[in-house]
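J.: Here it is: the structure, laid out below.
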Amino acid sequence: MYKNYTVIDSHCHIYPEKIASKAVGGTDRFYDIVSKCEGTIEDLLSRGKKAGVDHFIVQSVATTPHQVRSINEFISKSVEEHKGLLTGLGTLHPDSLDQRGDVEHLVSLGLQGVKLHPDIQQFAIDDERCLKIYDLCDEFKLPILMHTGDNRYDYSNPNRLLPVLKKYKNLTVIGAHFGGWSMWEDACKIYAGLPNFYVDCSSSLYAITPQAAKKVVRTYGAQHVLFATDYPMWDPSEEIERFMAIGLTDEENKMIFSENVKKLFKIK
């Protein structure tokens, strides 16, 4: 049973209560799905407690540069109000006129990394505008959780990310959705073996078989995989059940549920 493990959900989106419904609806339209959850911190913690989740990595995404600092302040405040339960990631935007200021503000708020969503933010990972972000994240030792993969677009696919990973060899990047949403098995063949690249299993287990998921995990190596739900898109209880259906070893489960992410974000 998964309750024998410490469980950390490494990929959760939260929004202020007054805009949560609108924000979740926008994501639903983008992916043509209906999210299972509400997108508020209260709903996340309630569902997480029911599922047996012990800790959550929370974030949101700025679609315009002027949203960056207010979103980061909201995430930081949420972490502060729920001490010990949350680790916060900040957002950045490639069109900001003060990238260094945004990063320094993010760090001053106690946020532990950066979330980027190239498809929703509409930039290619290898766009020159983004190099300043990677330079700064490398300088401040901030891991980047990045949406990766979408066969409808060419913003975040392996041809865009691979050159960045090879250039910034000390930069830690976590590729959401097994490194390639909608191209899971192809992506893992390309990225496997890169020491600075990790993946999470969010928004993937609903679409591929447990056997395929096991192959992806073992191609990357369990030491490079994180458990994640992509809340509010999926319910934590259902995602844990899907993950357990993969049939990994006890040691693999421990690494994926918590040990790997604890090291990346220095969670005690």
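In the structure tokens, chains take letters A, B, ... by order of appearance, with residues numbered from 1 within each chain and ligands from 1 in the order shown.
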Taking the DSSP secondary structure from the backbone, can you list the residues of range 2-145 of chain A that are strand (DSSP E or B), as a list in words?
T.: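 Secondary structure check on range 2-145 of chain A, strand (DSSP E or B): Ile8, Asp9, Ser10, His11, Cys12, His13, His55, Phe56, Ile57, Val58, Gln59, Leu86, Thr87, Gly88, Gly90, Thr91, Val114, Lys115, Leu116, Ile144 and Leu145 of chain A.
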J.: Okay, now the selection with C-alpha atoms, as a PDB file, in the first residue's frame?
T.:
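Once written, out.pdb looks like this:
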ATOM      1  CA  ILE A   8       5.133  14.262  -2.172  1.00  0.00           C
ATOM      2  CA  ASP A   9       3.060  15.626  -5.051  1.00  0.00           C
ATOM      3  CA  SER A  10       5.665  17.419  -7.142  1.00  0.00           C
ATOM      4  CA  HIS A  11       3.382  19.317  -9.532  1.00  0.00           C
ATOM      5  CA  CYS A  12       0.336  21.236  -8.242  1.00  0.00           C
ATOM      6  CA  HIS A  13      -1.227  24.422  -9.626  1.00  0.00           C
ATOM      7  CA  HIS A  55       3.709  17.493   0.991  1.00  0.00           C
ATOM      8  CA  PHE A  56       2.984  19.498  -2.159  1.00  0.00           C
ATOM      9  CA  ILE A  57       5.103  21.457  -4.659  1.00  0.00           C
ATOM     10  CA  VAL A  58       2.869  24.388  -5.673  1.00  0.00           C
ATOM     11  CA  GLN A  59       3.102  26.857  -8.527  1.00  0.00           C
ATOM     12  CA  LEU A  86       4.039  23.269   0.817  1.00  0.00           C
ATOM     13  CA  THR A  87       7.147  24.096  -1.186  1.00  0.00           C
ATOM     14  CA  GLY A  88       6.657  26.944  -3.634  1.00  0.00           C
ATOM     15  CA  GLY A  90       7.971  30.909  -8.794  1.00  0.00           C
ATOM     16  CA  THR A  91       7.012  31.909 -12.295  1.00  0.00           C
ATOM     17  CA  VAL A 114      10.850  28.088 -11.251  1.00  0.00           C
ATOM     18  CA  LYS A 115       7.875  26.778 -13.228  1.00  0.00           C
ATOM     19  CA  LEU A 116       7.700  27.484 -16.964  1.00  0.00           C
ATOM     20  CA  ILE A 144      13.182  24.521 -13.386  1.00  0.00           C
ATOM     21  CA  LEU A 145       9.971  22.508 -13.593  1.00  0.00           C
TER      22      LEU A 145
END
J.: Looking only at the backbone, which of the residues in range 14-194 of chain A does DSSP tag as helix (DSSP H, G or I), as JSON, numbers by chain?
T.: {"A": [17, 18, 19, 20, 21, 22, 23, 24, 25, 26, 27, 28, 29, 30, 31, 41, 42, 43, 44, 45, 46, 47, 48, 49, 50, 51, 65, 66, 67, 68, 69, 70, 71, 72, 73, 74, 75, 76, 77, 78, 79, 80, 81, 99, 100, 101, 102, 103, 104, 105, 106, 107, 108, 118, 119, 120, 121, 128, 129, 130, 131, 132, 133, 134, 135, 136, 137, 138, 139, 158, 159, 160, 161, 162, 163, 164, 165, 166, 167, 177, 178, 179, 184, 185, 186, 187, 188, 189, 190, 191]}
J.: Which one is closest to Phe257 in chain A: A:Tyr155, A:Asp54, A:Lys18, A:Ile41? Count only C-alpha atoms.
T.: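 Smallest distance to Phe257 in chain A is found for A:Asp54.
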J.: If you measure from CA of Leu205 in chain A to CA of Ala20 in chain A, what distance in Å do you get, rounded to one decimal?
T.: 24.6 Å
J.: Tell me, as a PDB file with N, CA and C atoms, in the first residue's frame, which residues lie within 8 Å of Val34 in chain A, counting only C-alpha atoms; anything in the same chain fewer than 4 positions away does not count.
T.:
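Once everything was written out, this is part_11.pdb:
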ATOM      1  N   GLY A  25     -10.779  26.686 -15.854  1.00  0.00           N
ATOM      2  CA  GLY A  25     -11.513  26.602 -17.114  1.00  0.00           C
ATOM      3  C   GLY A  25     -10.646  26.905 -18.320  1.00  0.00           C
ATOM      4  N   ASP A  28      -8.610  23.859 -19.000  1.00  0.00           N
ATOM      5  CA  ASP A  28      -9.479  22.830 -19.577  1.00  0.00           C
ATOM      6  C   ASP A  28      -9.683  23.061 -21.072  1.00  0.00           C
ATOM      7  N   MET A 233      -5.930  19.207 -12.394  1.00  0.00           N
ATOM      8  CA  MET A 233      -6.404  18.429 -13.532  1.00  0.00           C
ATOM      9  C   MET A 233      -6.856  17.035 -13.118  1.00  0.00           C
TER      10      MET A 233
END
J.: List as a Markdown table every residue of range 78-191 of chain A that is in contact with range 30-33 of chain A, defined as an atom at most 12 Å from one of its atoms (using only C-alpha atoms), together with the nearest atom pair and the distance in Å rounded to one decimal, sorted by chain and then rising number.
T.:
| residue | atom | partner | partner_atom | distance |
| --- | --- | --- | --- | --- |
| A:Asp119 | CA | A:Phe30 | CA | 9.6 |
| A:Ile120 | CA | A:Phe30 | CA | 8.2 |
| A:Gln121 | CA | A:Phe30 | CA | 11.8 |
| A:Asp150 | CA | A:Tyr31 | CA | 10.0 |
| A:Asn151 | CA | A:Tyr31 | CA | 11.8 |
| A:Arg152 | CA | A:Tyr31 | CA | 10.3 |
| A:Tyr153 | CA | A:Phe30 | CA | 11.9 |
| A:Trp181 | CA | A:Tyr31 | CA | 11.0 |
| A:Ser182 | CA | A:Tyr31 | CA | 11.2 |
J.: Kindly save the residues from that selection, with N, CA and C atoms included, as a PDB file, in the first residue's frame.
T.:
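Full text of again-v6.pdb as output:
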ATOM      1  N   ASP A 119       4.168  26.166 -23.770  1.00  0.00           N
ATOM      2  CA  ASP A 119       3.007  26.108 -24.656  1.00  0.00           C
ATOM      3  C   ASP A 119       1.976  27.172 -24.289  1.00  0.00           C
ATOM      4  N   ILE A 120       1.670  27.315 -23.001  1.00  0.00           N
ATOM      5  CA  ILE A 120       0.708  28.322 -22.576  1.00  0.00           C
ATOM      6  C   ILE A 120       1.318  29.719 -22.621  1.00  0.00           C
ATOM      7  N   GLN A 121       2.590  29.839 -22.252  1.00  0.00           N
ATOM      8  CA  GLN A 121       3.254  31.143 -22.304  1.00  0.00           C
ATOM      9  C   GLN A 121       3.695  31.518 -23.709  1.00  0.00           C
ATOM     10  N   ASP A 150       4.085  18.426 -26.660  1.00  0.00           N
ATOM     11  CA  ASP A 150       2.721  18.614 -27.151  1.00  0.00           C
ATOM     12  C   ASP A 150       2.776  18.484 -28.663  1.00  0.00           C
ATOM     13  N   ASN A 151       2.155  17.419 -29.179  1.00  0.00           N
ATOM     14  CA  ASN A 151       2.249  17.180 -30.620  1.00  0.00           C
ATOM     15  C   ASN A 151       1.439  18.166 -31.446  1.00  0.00           C
ATOM     16  N   ARG A 152       0.731  19.099 -30.785  1.00  0.00           N
ATOM     17  CA  ARG A 152      -0.015  20.127 -31.506  1.00  0.00           C
ATOM     18  C   ARG A 152       0.839  21.361 -31.798  1.00  0.00           C
ATOM     19  N   TYR A 153       1.955  21.505 -31.082  1.00  0.00           N
ATOM     20  CA  TYR A 153       2.781  22.705 -31.181  1.00  0.00           C
ATOM     21  C   TYR A 153       4.252  22.324 -31.240  1.00  0.00           C
ATOM     22  N   TRP A 181       4.580  15.285 -23.012  1.00  0.00           N
ATOM     23  CA  TRP A 181       3.147  15.008 -23.079  1.00  0.00           C
ATOM     24  C   TRP A 181       2.752  14.698 -24.518  1.00  0.00           C
ATOM     25  N   SER A 182       1.997  13.633 -24.690  1.00  0.00           N
ATOM     26  CA  SER A 182       1.519  13.112 -25.981  1.00  0.00           C
ATOM     27  C   SER A 182       2.618  12.449 -26.805  1.00  0.00           C
TER      28      SER A 182
END
J.: For Glu239 in chain A, which of A:Lys254, A:Ser203, A:Ile133, A:Gly149 is the closest residue, counting only C-alpha atoms?
T.: A:Ser203
